[in-house]
file structure-v2.txt (compact mmCIF, C-alpha atoms and all ligand atoms)
# COMPACT_ATOMS: atom_id res chain seq x y z
CA MET Y 22 -24.19 -10.77 9.88
CA LYS Y 23 -22.43 -13.28 7.57
CA VAL Y 24 -19.43 -11.66 5.91
CA CYS Y 25 -17.34 -13.06 3.05
CA VAL Y 26 -13.83 -11.66 2.48
CA ILE Y 27 -12.27 -12.34 -0.94
CA GLY Y 28 -8.48 -12.15 -0.56
CA ALA Y 29 -6.20 -12.73 2.44
CA GLY Y 30 -3.73 -9.89 1.84
CA ALA Y 31 -3.15 -7.31 4.59
CA ILE Y 32 -6.37 -5.44 3.77
CA GLY Y 33 -8.60 -8.53 3.56
CA LEU Y 34 -7.20 -9.95 6.82
CA SER Y 35 -7.59 -6.65 8.71
CA ALA Y 36 -11.18 -6.39 7.40
CA ALA Y 37 -11.83 -9.98 8.57
CA LEU Y 38 -10.50 -9.20 12.08
CA THR Y 39 -12.50 -5.96 12.26
CA CYS Y 40 -15.78 -7.64 11.23
CA HIS Y 41 -15.13 -10.58 13.60
CA SER Y 42 -14.46 -8.20 16.53
CA LEU Y 43 -17.88 -6.61 15.86
CA GLY Y 44 -19.70 -9.94 16.11
CA CYS Y 45 -19.90 -10.93 12.41
CA HIS Y 46 -19.46 -14.51 11.19
CA VAL Y 47 -16.53 -14.24 8.79
CA THR Y 48 -15.24 -16.52 6.02
CA VAL Y 49 -12.03 -15.62 4.13
CA PHE Y 50 -11.28 -17.09 0.69
CA ASP Y 51 -7.83 -17.10 -0.91
CA PRO Y 52 -6.68 -19.64 -3.55
CA LYS Y 53 -3.04 -19.09 -2.45
CA GLY Y 54 -3.93 -20.96 0.74
CA PHE Y 55 -2.93 -20.40 4.35
CA SER Y 56 -0.58 -23.24 5.30
CA CYS Y 57 2.52 -21.51 3.81
CA ARG Y 58 2.24 -18.45 6.07
CA SER Y 59 5.04 -18.35 8.62
CA GLU Y 60 6.98 -15.67 10.50
CA PRO Y 61 9.59 -14.06 8.21
CA SER Y 62 13.23 -14.35 9.28
CA GLY Y 63 16.62 -13.37 7.85
CA GLU Y 64 16.97 -10.37 5.53
CA ILE Y 65 14.04 -7.93 5.36
CA GLY Y 66 11.90 -8.58 2.26
CA ALA Y 67 11.93 -6.27 -0.76
CA GLN Y 68 8.41 -4.95 -0.11
CA VAL Y 69 8.28 -2.45 2.75
CA TRP Y 70 5.41 -0.09 3.65
CA ALA Y 71 5.53 3.37 5.19
CA LEU Y 72 2.50 3.43 7.49
CA GLY Y 73 1.08 6.57 9.10
CA PRO Y 74 -0.42 6.86 12.61
CA LYS Y 75 -4.00 6.12 11.45
CA ALA Y 76 -3.01 2.73 10.02
CA THR Y 77 -0.93 1.79 13.07
CA ARG Y 78 -3.83 2.84 15.35
CA LEU Y 79 -6.14 0.40 13.54
CA LEU Y 80 -3.51 -2.36 13.75
CA THR Y 81 -2.91 -1.64 17.46
CA ASN Y 82 -6.66 -1.87 18.15
CA LEU Y 83 -6.67 -5.24 16.35
CA ALA Y 84 -3.77 -6.41 18.60
CA VAL Y 85 -1.57 -6.88 15.52
CA TRP Y 86 0.94 -4.04 15.93
CA ARG Y 87 3.81 -4.52 18.39
CA ASP Y 88 7.44 -3.45 18.72
CA ASP Y 89 9.59 -5.69 16.56
CA PRO Y 90 13.14 -5.71 15.15
CA ARG Y 91 11.60 -5.70 11.63
CA ILE Y 92 9.97 -2.26 12.16
CA CYS Y 93 11.68 1.14 12.01
CA ALA Y 94 10.12 4.44 13.16
CA TYR Y 95 10.94 7.49 11.02
CA GLN Y 96 10.87 11.04 12.32
CA ARG Y 97 11.95 13.04 9.31
CA MET Y 98 11.14 13.08 5.62
CA ARG Y 99 13.27 15.05 3.17
CA VAL Y 100 12.06 15.54 -0.40
CA LEU Y 101 14.31 17.04 -3.11
CA ASP Y 102 14.07 17.73 -6.83
CA SER Y 103 17.33 16.87 -8.62
CA ARG Y 104 16.64 19.42 -11.38
CA SER Y 105 15.80 22.52 -9.30
CA ASP Y 106 16.40 23.95 -5.82
CA ALA Y 107 13.02 22.58 -4.65
CA ARG Y 108 13.24 21.03 -1.18
CA VAL Y 109 10.80 20.27 1.63
CA VAL Y 110 11.41 18.69 5.04
CA PHE Y 111 8.83 17.16 7.39
CA ASP Y 112 9.97 16.81 11.02
CA ASP Y 113 7.71 15.01 13.45
CA PRO Y 114 8.59 12.39 16.10
CA LYS Y 115 5.37 10.53 15.11
CA LEU Y 116 5.69 10.70 11.31
CA GLY Y 117 5.25 6.95 10.88
CA HIS Y 118 6.86 3.51 10.65
CA LEU Y 119 8.48 1.42 7.96
CA VAL Y 120 7.34 -2.17 8.20
CA GLU Y 121 8.10 -5.25 6.14
CA ALA Y 122 4.90 -6.14 4.24
CA ASP Y 123 5.42 -9.92 4.74
CA TRP Y 124 5.86 -9.47 8.52
CA LEU Y 125 2.67 -7.43 8.84
CA THR Y 126 0.64 -9.85 6.70
CA TRP Y 127 1.98 -12.75 8.78
CA ARG Y 128 1.00 -10.92 12.04
CA LEU Y 129 -2.52 -10.37 10.69
CA PHE Y 130 -2.78 -14.00 9.62
CA ASP Y 131 -1.51 -15.17 13.03
CA ARG Y 132 -4.27 -13.14 14.75
CA VAL Y 133 -7.00 -14.28 12.34
CA SER Y 134 -6.02 -17.95 12.70
CA LYS Y 135 -6.56 -17.72 16.50
CA GLU Y 136 -10.14 -16.46 16.09
CA LYS Y 137 -13.30 -18.20 14.93
CA VAL Y 138 -12.82 -17.07 11.35
CA ILE Y 139 -13.29 -19.68 8.61
CA LEU Y 140 -10.34 -19.85 6.20
CA GLU Y 141 -10.98 -21.43 2.79
CA SER Y 142 -8.21 -22.08 0.22
CA LYS Y 143 -10.64 -21.70 -2.65
CA ARG Y 144 -10.99 -19.26 -5.54
CA VAL Y 145 -14.13 -17.18 -5.77
CA THR Y 146 -15.15 -16.79 -9.43
CA SER Y 147 -18.02 -14.29 -9.15
CA VAL Y 148 -20.59 -12.85 -6.75
CA THR Y 149 -24.14 -11.67 -7.42
CA SER Y 150 -25.16 -8.24 -6.11
CA ASP Y 151 -27.44 -9.95 -3.55
CA GLY Y 152 -24.52 -11.86 -2.01
CA TYR Y 153 -24.42 -15.32 -3.71
CA VAL Y 154 -20.72 -16.27 -3.83
CA CYS Y 155 -19.79 -18.76 -6.60
CA LEU Y 156 -16.66 -20.84 -6.02
CA GLU Y 157 -14.40 -22.40 -8.66
CA VAL Y 158 -15.22 -25.81 -7.21
CA GLY Y 159 -18.85 -25.33 -8.31
CA SER Y 160 -20.67 -24.55 -5.05
CA THR Y 161 -22.55 -21.35 -4.18
CA LEU Y 162 -22.85 -19.75 -0.71
CA LEU Y 163 -24.99 -16.85 0.49
CA PHE Y 164 -23.56 -13.95 2.57
CA ASP Y 165 -25.03 -10.67 3.88
CA LEU Y 166 -21.92 -8.64 2.97
CA VAL Y 167 -19.12 -9.53 0.50
CA LEU Y 168 -15.78 -7.67 0.68
CA PHE Y 169 -13.54 -7.74 -2.40
CA ALA Y 170 -9.92 -7.44 -1.22
CA GLU Y 171 -8.27 -9.46 -4.00
CA GLY Y 172 -5.61 -6.87 -4.92
CA ARG Y 173 -4.97 -4.88 -8.11
CA ASP Y 174 -6.11 -7.48 -10.59
CA ALA Y 175 -9.75 -7.21 -9.39
CA ALA Y 176 -10.66 -10.15 -11.67
CA THR Y 177 -13.49 -11.43 -9.42
CA ALA Y 178 -14.84 -7.90 -8.96
CA ILE Y 179 -14.94 -7.41 -12.75
CA ALA Y 180 -16.58 -10.83 -13.23
CA SER Y 181 -19.17 -9.70 -10.65
CA GLY Y 182 -20.12 -6.52 -12.55
CA PHE Y 183 -17.73 -3.88 -11.11
CA GLU Y 184 -16.24 -1.59 -13.78
CA LYS Y 185 -12.48 -0.96 -13.59
CA VAL Y 186 -11.02 2.29 -14.98
CA ASP Y 187 -7.39 2.26 -16.18
CA GLY Y 188 -5.87 5.47 -14.81
CA GLY Y 189 -2.63 5.05 -16.84
CA HIS Y 190 0.86 5.81 -15.44
CA HIS Y 191 2.10 2.37 -16.47
CA GLN Y 192 5.58 2.23 -14.96
CA TYR Y 193 7.92 -0.14 -13.11
CA ALA Y 194 9.39 0.13 -9.61
CA LEU Y 195 12.82 -1.17 -8.67
CA VAL Y 196 12.59 -2.32 -5.04
CA GLY Y 197 15.00 -4.02 -2.66
CA THR Y 198 16.90 -3.86 0.62
CA LEU Y 199 20.24 -2.06 0.47
CA GLY Y 200 23.18 -1.76 2.83
CA SER Y 201 24.39 1.84 3.17
CA GLN Y 202 27.68 3.45 4.20
CA ILE Y 203 26.02 6.39 5.99
CA PRO Y 204 23.33 5.81 8.69
CA HIS Y 205 19.84 7.06 7.84
CA SER Y 206 19.19 8.64 11.28
CA ALA Y 207 15.46 7.75 11.01
CA GLU Y 208 15.08 9.93 7.89
CA ALA Y 209 13.05 8.92 4.82
CA PHE Y 210 14.67 10.47 1.77
CA GLN Y 211 12.97 11.02 -1.59
CA ILE Y 212 14.46 12.62 -4.68
CA PHE Y 213 12.69 13.31 -7.97
CA THR Y 214 15.34 12.24 -10.49
CA SER Y 215 15.16 12.61 -14.29
CA PHE Y 216 14.38 8.83 -14.43
CA GLY Y 217 11.58 9.06 -11.85
CA PRO Y 218 11.05 9.39 -8.06
CA LEU Y 219 13.56 7.50 -5.91
CA ALA Y 220 12.92 6.83 -2.22
CA LEU Y 221 15.43 5.53 0.36
CA LEU Y 222 13.45 4.46 3.41
CA PRO Y 223 15.02 3.73 6.82
CA LEU Y 224 15.12 0.12 8.06
CA PRO Y 225 16.40 -1.25 11.39
CA ASP Y 226 20.20 -1.58 11.41
CA SER Y 227 21.57 -5.11 11.14
CA ASP Y 228 24.83 -6.64 12.44
CA ASP Y 229 26.34 -5.77 9.03
CA GLY Y 230 25.52 -2.06 9.36
CA PRO Y 231 22.79 0.39 8.31
CA ARG Y 232 20.02 -0.72 5.95
CA ILE Y 233 17.52 1.09 3.75
CA SER Y 234 14.66 0.09 1.49
CA LEU Y 235 14.60 1.32 -2.11
CA VAL Y 236 11.58 2.25 -4.26
CA TRP Y 237 12.55 3.80 -7.64
CA SER Y 238 9.73 4.28 -10.16
CA VAL Y 239 10.87 4.47 -13.81
CA SER Y 240 9.27 4.48 -17.26
CA PRO Y 241 8.81 1.26 -19.31
CA ASP Y 242 11.72 2.40 -21.60
CA ILE Y 243 14.15 2.69 -18.70
CA TYR Y 244 12.90 -0.65 -17.33
CA ALA Y 245 13.62 -2.26 -20.73
CA ASP Y 246 17.18 -0.81 -20.65
CA TRP Y 247 17.94 -1.71 -17.02
CA ARG Y 248 16.06 -4.96 -16.35
CA SER Y 249 19.06 -7.18 -17.23
CA LEU Y 250 21.64 -5.11 -15.32
CA SER Y 251 23.40 -6.82 -12.40
CA ALA Y 252 22.63 -5.89 -8.78
CA GLY Y 253 26.03 -4.13 -8.61
CA ALA Y 254 25.31 -1.98 -11.67
CA LEU Y 255 21.84 -1.06 -10.37
CA ALA Y 256 23.25 -0.19 -6.93
CA ALA Y 257 25.78 2.14 -8.61
CA LYS Y 258 22.91 3.92 -10.41
CA VAL Y 259 20.97 4.27 -7.13
CA THR Y 260 24.08 5.63 -5.33
CA GLN Y 261 24.60 8.25 -8.03
CA ALA Y 262 20.93 9.26 -8.47
CA SER Y 263 20.50 9.64 -4.69
CA GLU Y 264 23.44 12.11 -4.74
CA THR Y 265 25.35 9.78 -2.34
CA VAL Y 266 23.15 10.97 0.51
CA ARG Y 267 23.66 7.54 2.18
CA GLY Y 268 27.13 6.93 0.69
CA LEU Y 269 27.92 3.82 -1.37
CA LEU Y 270 24.99 1.40 -1.57
CA SER Y 271 24.83 -2.34 -2.21
CA PHE Y 272 21.87 -4.74 -2.52
CA ARG Y 273 21.39 -7.07 0.48
CA SER Y 274 18.68 -9.00 -1.35
CA LYS Y 275 17.89 -9.60 -5.02
CA PRO Y 276 16.60 -6.41 -6.71
CA VAL Y 277 12.95 -6.85 -7.73
CA TRP Y 278 10.99 -5.10 -10.52
CA VAL Y 279 7.29 -4.48 -9.85
CA PRO Y 280 4.81 -3.28 -12.53
CA LEU Y 281 2.88 -0.15 -11.51
CA SER Y 282 -0.19 1.73 -12.73
CA GLN Y 283 -3.20 3.58 -11.40
CA HIS Y 284 -6.77 2.30 -11.51
CA TRP Y 285 -10.08 2.67 -9.73
CA LEU Y 286 -13.58 1.26 -9.90
CA LYS Y 287 -16.50 3.35 -11.16
CA GLN Y 288 -18.44 2.34 -8.03
CA ASN Y 289 -16.96 0.56 -5.01
CA SER Y 290 -20.29 -0.94 -3.98
CA ARG Y 291 -22.83 -3.09 -5.85
CA GLY Y 292 -25.73 -4.33 -3.77
CA SER Y 293 -24.21 -6.10 -0.77
CA CYS Y 294 -20.72 -6.18 -2.36
CA LEU Y 295 -17.98 -3.69 -1.38
CA ALA Y 296 -14.50 -3.31 -2.92
CA ILE Y 297 -11.67 -2.21 -0.59
CA GLY Y 298 -7.86 -1.91 -0.72
CA ASP Y 299 -6.02 -2.24 -4.04
CA THR Y 300 -9.12 -3.77 -5.67
CA ALA Y 301 -10.88 -0.40 -5.28
CA HIS Y 302 -7.85 1.85 -5.90
CA GLY Y 303 -4.39 1.09 -7.26
CA ILE Y 304 -2.07 4.08 -6.87
CA LEU Y 305 1.56 4.90 -7.63
CA PRO Y 306 3.87 4.35 -4.64
CA LEU Y 307 4.98 8.02 -4.85
CA ALA Y 308 3.96 8.93 -1.32
CA GLY Y 309 3.63 5.39 0.09
CA LEU Y 310 -0.13 5.65 0.50
CA GLY Y 311 -1.61 2.46 -1.04
CA ALA Y 312 -1.87 0.26 2.04
CA ASN Y 313 -2.66 3.34 4.21
CA LEU Y 314 -5.70 3.98 2.00
CA GLY Y 315 -6.74 0.33 2.28
CA PHE Y 316 -6.47 0.39 6.10
CA ALA Y 317 -8.55 3.61 6.07
CA ASP Y 318 -11.24 1.68 4.09
CA VAL Y 319 -11.18 -0.98 6.84
CA SER Y 320 -11.45 1.66 9.61
CA ALA Y 321 -14.44 3.22 7.82
CA LEU Y 322 -16.05 -0.22 7.49
CA GLY Y 323 -15.57 -0.81 11.26
CA ASP Y 324 -17.08 2.60 12.09
CA VAL Y 325 -20.13 2.01 9.86
CA LEU Y 326 -20.69 -1.52 11.25
CA SER Y 327 -20.54 -0.18 14.85
CA LYS Y 328 -22.83 2.76 14.07
CA TYR Y 329 -25.50 0.70 12.27
CA PRO Y 330 -25.34 -2.79 13.88
CA ASP Y 331 -28.70 -3.84 12.41
CA ALA Y 332 -28.22 -2.42 8.91
CA SER Y 333 -28.32 -4.68 5.83
CA GLY Y 334 -25.18 -5.52 3.85
CA VAL Y 335 -26.47 -3.27 1.05
CA ARG Y 336 -26.64 -0.27 3.36
CA ILE Y 337 -23.22 -0.98 4.92
CA ALA Y 338 -21.57 -1.31 1.48
CA ARG Y 339 -23.21 1.87 0.14
CA THR Y 340 -22.37 3.95 3.24
CA VAL Y 341 -18.68 2.91 3.32
CA ASP Y 342 -18.39 3.58 -0.43
CA ARG Y 343 -19.84 7.09 0.01
CA GLU Y 344 -17.62 7.90 3.01
CA ARG Y 345 -14.39 6.76 1.36
CA ARG Y 346 -14.82 7.94 -2.23
CA PHE Y 347 -13.61 11.54 -1.74
CA ASP Y 348 -10.31 10.57 -0.04
CA GLN Y 349 -9.63 7.79 -2.56
CA GLN Y 350 -10.24 10.03 -5.58
CA ALA Y 351 -8.26 12.93 -4.04
CA VAL Y 352 -5.20 10.69 -3.51
CA LEU Y 353 -5.46 9.16 -7.02
CA LYS Y 354 -5.63 12.64 -8.60
CA ALA Y 355 -2.79 14.02 -6.48
CA MET Y 356 -0.50 11.08 -7.40
CA SER Y 357 -1.31 11.63 -11.07
CA VAL Y 358 -0.51 15.38 -10.90
CA PHE Y 359 2.72 14.76 -8.93
CA SER Y 360 3.84 12.10 -11.37
CA ASN Y 361 3.24 14.39 -14.37
CA ILE Y 362 4.89 17.52 -13.00
CA PHE Y 363 7.97 15.68 -11.81
CA ARG Y 364 8.45 13.87 -15.12
CA THR Y 365 8.84 17.00 -17.23
CA ASP Y 366 12.02 19.02 -17.68
CA SER Y 367 10.39 22.23 -18.99
CA PRO Y 368 11.73 25.41 -17.26
CA THR Y 369 8.14 26.45 -16.35
CA MET Y 370 7.56 23.15 -14.56
CA GLN Y 371 10.95 23.40 -12.83
CA PHE Y 372 9.95 26.85 -11.56
CA GLY Y 373 6.52 25.53 -10.51
CA ARG Y 374 8.14 22.64 -8.59
CA SER Y 375 10.48 25.02 -6.83
CA MET Y 376 7.62 27.38 -5.85
CA ALA Y 377 5.40 24.53 -4.62
CA PHE Y 378 8.18 23.11 -2.44
CA GLN Y 379 9.15 26.56 -1.11
CA THR Y 380 5.50 27.23 -0.15
CA ALA Y 381 5.27 23.88 1.67
CA GLN Y 382 8.65 24.47 3.36
CA SER Y 383 7.77 27.94 4.68
CA HIS Y 384 4.24 27.10 5.95
CA SER Y 385 4.31 24.60 8.80
CA GLU Y 386 0.48 24.42 8.83
CA LEU Y 387 0.48 23.31 5.19
CA ARG Y 388 3.10 20.64 5.96
CA ARG Y 389 0.97 19.45 8.90
CA LEU Y 390 -2.06 19.17 6.58
CA ILE Y 391 -0.07 17.17 4.00
CA GLN Y 392 1.12 14.85 6.80
CA GLU Y 393 -2.42 14.39 8.13
CA TRP Y 394 -3.70 13.61 4.65
CA ALA Y 395 -0.91 11.07 4.10
CA GLY Y 396 -2.22 8.99 7.02
C1 LIG Y 401 6.70 -0.70 -4.97
C2 LIG Y 401 5.56 -0.51 -4.03
C3 LIG Y 401 5.75 0.20 -2.83
C4 LIG Y 401 4.67 0.42 -1.98
N1 LIG Y 401 4.89 1.13 -0.83
C5 LIG Y 401 3.85 1.39 -0.02
C6 LIG Y 401 4.05 2.16 1.18
O1 LIG Y 401 5.16 2.61 1.50
N2 LIG Y 401 2.97 2.41 1.97
C7 LIG Y 401 1.72 1.96 1.66
O2 LIG Y 401 0.77 2.25 2.39
N3 LIG Y 401 1.51 1.22 0.54
C8 LIG Y 401 2.53 0.93 -0.30
N4 LIG Y 401 2.32 0.18 -1.41
C9 LIG Y 401 0.96 -0.31 -1.71
C10 LIG Y 401 0.65 -1.67 -1.05
O3 LIG Y 401 1.60 -2.63 -1.47
C11 LIG Y 401 -0.77 -2.14 -1.45
O4 LIG Y 401 -1.68 -1.08 -1.26
C12 LIG Y 401 -1.20 -3.35 -0.63
O5 LIG Y 401 -0.37 -4.47 -0.92
C13 LIG Y 401 -2.65 -3.73 -0.96
O6 LIG Y 401 -3.03 -4.87 -0.22
P1 LIG Y 401 -4.34 -5.71 -0.60
O7 LIG Y 401 -4.57 -6.60 0.58
O8 LIG Y 401 -5.42 -4.78 -1.04
O9 LIG Y 401 -3.95 -6.57 -1.88
P2 LIG Y 401 -2.88 -7.77 -2.06
O10 LIG Y 401 -1.74 -7.61 -1.13
O11 LIG Y 401 -2.58 -7.84 -3.51
O12 LIG Y 401 -3.69 -9.10 -1.60
C14 LIG Y 401 -4.69 -9.67 -2.40
C15 LIG Y 401 -4.96 -11.12 -1.96
O13 LIG Y 401 -6.11 -11.59 -2.68
C16 LIG Y 401 -5.89 -12.93 -3.13
N5 LIG Y 401 -6.76 -13.21 -4.28
C17 LIG Y 401 -6.56 -12.86 -5.58
N6 LIG Y 401 -7.59 -13.31 -6.35
C18 LIG Y 401 -8.46 -13.95 -5.53
C19 LIG Y 401 -9.73 -14.63 -5.73
N7 LIG Y 401 -10.29 -14.72 -6.93
N8 LIG Y 401 -10.37 -15.19 -4.67
C20 LIG Y 401 -9.82 -15.08 -3.43
N9 LIG Y 401 -8.62 -14.45 -3.18
C21 LIG Y 401 -7.97 -13.89 -4.22
C22 LIG Y 401 -4.38 -12.97 -3.43
O14 LIG Y 401 -3.90 -14.31 -3.38
C23 LIG Y 401 -3.81 -12.07 -2.30
O15 LIG Y 401 -3.49 -12.84 -1.16
C24 LIG Y 401 3.38 -0.07 -2.29
C25 LIG Y 401 3.19 -0.80 -3.47
C26 LIG Y 401 4.25 -1.01 -4.34
C27 LIG Y 401 4.03 -1.78 -5.62

call {"tool": "encode", "arguments": {"input": "structure-v2.txt", "output": "structure tokens", "more": "lines below"}}
Ligand SMILES: Cc1cc2nc3c(=O)[nH]c(=O)nc-3n(C[C@H](O)[C@H](O)[C@H](O)COP(=O)(O)OP(=O)(O)OC[C@H]3O[C@@H](n4cnc5c(N)ncnc54)[C@H](O)[C@@H]3O)c2cc1C
result
Amino acid sequence: MKVCVIGAGAIGLSAALTCHSLGCHVTVFDPKGFSCRSEPSGEIGAQVWALGPKATRLLTNLAVWRDDPRICAYQRMRVLDSRSDARVVFDDPKLGHLVEADWLTWRLFDRVSKEKVILESKRVTSVTSDGYVCLEVGSTLLFDLVLFAEGRDAATAIASGFEKVDGGHHQYALVGTLGSQIPHSAEAFQIFTSFGPLALLPLPDSDDGPRISLVWSVSPDIYADWRSLSAGALAAKVTQASETVRGLLSFRSKPVWVPLSQHWLKQNSRGSCLAIGDTAHGILPLAGLGANLGFADVSALGDVLSKYPDASGVRIARTVDRERRFDQQAVLKAMSVFSNIFRTDSPTMQFGRSMAFQTAQSHSELRRLIQEWAG
């Protein structure tokens, strides 16, 4: 089967490796090119992902995952609400890993570049539902299966007839690597502040002491107020809002603002075309599930390709779409509900938050289910 992958982010590259390992002839297109991709060094980049066991299993099977000083295992997750007594703790030696997004994408690229996968630094402009891929340079190529993994923008998918739904929640995230006074002890900490959810995620210690990764989602109004603040002023706000759980904090790298929102496609398949990763579903980073969902799309694609080795691209795309839709929609809805209930200060909602957390805290089976669902 001839497979085209549009987009060489982590999801596109893992899909390319998966299809190649199952005997497909794979071509990956990305206008950003491939020559600039080298192993990250120095300070850990601002974008870090919390990956669950299902994602790391896929990456291990693809020979991408390995022990590395840029990865940190976490064994505990503590979630608090700053405006009520709500609190829930997840303890599990295999909860997951924090990994630098650039390192993981580089590892995937390194693996792909050693295989017989064709890499093209060209932009795809549109694709017909029967697999004709039109390139910006003017040529057209035919594939049996076309995977759209071009990220949130989904411009090629839209130009190819997919319909994108804006799920709202337009916000901004402040992200960056921070030095902390108090060690994290492999605990991921999240607090729902009046400005929005703030997560302090454990990173490997450096020679200069303990490090954590910050993700703080805030409204566009707060972003407008804070965007010109210095790194020192922002770090003071993070220290205070996190109730000094990790002591005084300071930015190790430049703080970065990232626009956020939720979206999905009405259908993730059209003929022999299939949308995966952020192209199919953009979610809030509330529970760190975006890339996990994308890797789950890739695992489902691998399972369907192995189960139906002689099926057409149309059947593969339709089957993966059907198998993944429930999980994708469930996560999108849950993130929306969480975001709404934690943004309101009404006493009823505060009570509701407290009850929900108490229920989760006192029922280990429920906590296990939430963990399983989170990847
Ligand atoms: C603040 C923040 C924190 C997050 N934390 C987590 C976390 O803890 N855990 C987690 O699982 N997820 C997390 N996520 C989500 C995660 O970042 C995304 O789910 C992930 O980056 C999606 O990868 P992707 O490969 O689908 O898209 P991208 O990484 O956006 O890659 C898309 C690629 O497609 C290429 N492209 C674009 N247009 C074209 C075209 N026309 N033709 C060819 N190529 C094209 C681009 O150049 C790019 O290389 C977080 C996100 C944010 C914003």

call {"tool": "closest_atom_pairs", "arguments": {"input": "structure-v2.txt", "of": "segment 93-178 of chain Y", "to": "segment 280-288 of chain Y", "cutoff": "12 Å", "atoms": "all atoms listed in the file", "output": "tab-separated table"}}
result
residue	atom	partner	partner_atom	distance
Y:Phe169	CA	Y:Leu286	CA	11.7
Y:Gly172	CA	Y:His284	CA	11.4
Y:Arg173	CA	Y:His284	CA	8.1
Y:Asp174	CA	Y:His284	CA	9.8
Y:Ala175	CA	Y:Leu286	CA	9.3
Y:Ala176	CA	Y:Leu286	CA	11.9
Y:Ala178	CA	Y:Leu286	CA	9.3

call {"tool": "atom_distance", "arguments": {"input": "structure-v2.txt", "atom1": "atom CA of Asn313 of chain Y", "atom2": "atom CA of Phe216 of chain Y"}}
result
25.8 Å

call {"tool": "closest_residue", "arguments": {"input": "structure-v2.txt", "among": "Y:Ile304, Y:Ala256, Y:Ile92, Y:Leu101", "to": "ligand LIG 401 (chain Y)", "atoms": "all atoms listed in the file"}}
result
Y:Ile304

call {"tool": "residues_near_ligand", "arguments": {"input": "structure-v2.txt", "ligand": "ligand LIG 401 (chain Y)", "cutoff": "7 Å", "atoms": "only C-alpha atoms and all ligand atoms", "output": "PyMOL selection string"}}
result
chain Y and resi 27-33+50-53+68-72+143-146+170-173+176-177+194+196+236+279+281+297-300+303+306+309-315

call {"tool": "write_last_selection", "arguments": {"input": "structure-v2.txt", "atoms": "C-alpha atoms", "output": "PDB file, in the coordinates of the input"}}
result
ATOM      1  CA  ILE Y  27     -12.270 -12.340  -0.940  1.00  0.00           C
ATOM      2  CA  GLY Y  28      -8.480 -12.150  -0.560  1.00  0.00           C
ATOM      3  CA  ALA Y  29      -6.200 -12.730   2.440  1.00  0.00           C
ATOM      4  CA  GLY Y  30      -3.730  -9.890   1.840  1.00  0.00           C
ATOM      5  CA  ALA Y  31      -3.150  -7.310   4.590  1.00  0.00           C
ATOM      6  CA  ILE Y  32      -6.370  -5.440   3.770  1.00  0.00           C
ATOM      7  CA  GLY Y  33      -8.600  -8.530   3.560  1.00  0.00           C
ATOM      8  CA  PHE Y  50     -11.280 -17.090   0.690  1.00  0.00           C
ATOM      9  CA  ASP Y  51      -7.830 -17.100  -0.910  1.00  0.00           C
ATOM     10  CA  PRO Y  52      -6.680 -19.640  -3.550  1.00  0.00           C
ATOM     11  CA  LYS Y  53      -3.040 -19.090  -2.450  1.00  0.00           C
ATOM     12  CA  GLN Y  68       8.410  -4.950  -0.110  1.00  0.00           C
ATOM     13  CA  VAL Y  69       8.280  -2.450   2.750  1.00  0.00           C
ATOM     14  CA  TRP Y  70       5.410  -0.090   3.650  1.00  0.00           C
ATOM     15  CA  ALA Y  71       5.530   3.370   5.190  1.00  0.00           C
ATOM     16  CA  LEU Y  72       2.500   3.430   7.490  1.00  0.00           C
ATOM     17  CA  LYS Y 143     -10.640 -21.700  -2.650  1.00  0.00           C
ATOM     18  CA  ARG Y 144     -10.990 -19.260  -5.540  1.00  0.00           C
ATOM     19  CA  VAL Y 145     -14.130 -17.180  -5.770  1.00  0.00           C
ATOM     20  CA  THR Y 146     -15.150 -16.790  -9.430  1.00  0.00           C
ATOM     21  CA  ALA Y 170      -9.920  -7.440  -1.220  1.00  0.00           C
ATOM     22  CA  GLU Y 171      -8.270  -9.460  -4.000  1.00  0.00           C
ATOM     23  CA  GLY Y 172      -5.610  -6.870  -4.920  1.00  0.00           C
ATOM     24  CA  ARG Y 173      -4.970  -4.880  -8.110  1.00  0.00           C
ATOM     25  CA  ALA Y 176     -10.660 -10.150 -11.670  1.00  0.00           C
ATOM     26  CA  THR Y 177     -13.490 -11.430  -9.420  1.00  0.00           C
ATOM     27  CA  ALA Y 194       9.390   0.130  -9.610  1.00  0.00           C
ATOM     28  CA  VAL Y 196      12.590  -2.320  -5.040  1.00  0.00           C
ATOM     29  CA  VAL Y 236      11.580   2.250  -4.260  1.00  0.00           C
ATOM     30  CA  VAL Y 279       7.290  -4.480  -9.850  1.00  0.00           C
ATOM     31  CA  LEU Y 281       2.880  -0.150 -11.510  1.00  0.00           C
ATOM     32  CA  ILE Y 297     -11.670  -2.210  -0.590  1.00  0.00           C
ATOM     33  CA  GLY Y 298      -7.860  -1.910  -0.720  1.00  0.00           C
ATOM     34  CA  ASP Y 299      -6.020  -2.240  -4.040  1.00  0.00           C
ATOM     35  CA  THR Y 300      -9.120  -3.770  -5.670  1.00  0.00           C
ATOM     36  CA  GLY Y 303      -4.390   1.090  -7.260  1.00  0.00           C
ATOM     37  CA  PRO Y 306       3.870   4.350  -4.640  1.00  0.00           C
ATOM     38  CA  GLY Y 309       3.630   5.390   0.090  1.00  0.00           C
ATOM     39  CA  LEU Y 310      -0.130   5.650   0.500  1.00  0.00           C
ATOM     40  CA  GLY Y 311      -1.610   2.460  -1.040  1.00  0.00           C
ATOM     41  CA  ALA Y 312      -1.870   0.260   2.040  1.00  0.00           C
ATOM     42  CA  ASN Y 313      -2.660   3.340   4.210  1.00  0.00           C
ATOM     43  CA  LEU Y 314      -5.700   3.980   2.000  1.00  0.00           C
ATOM     44  CA  GLY Y 315      -6.740   0.330   2.280  1.00  0.00           C
TER      45      GLY Y 315
END
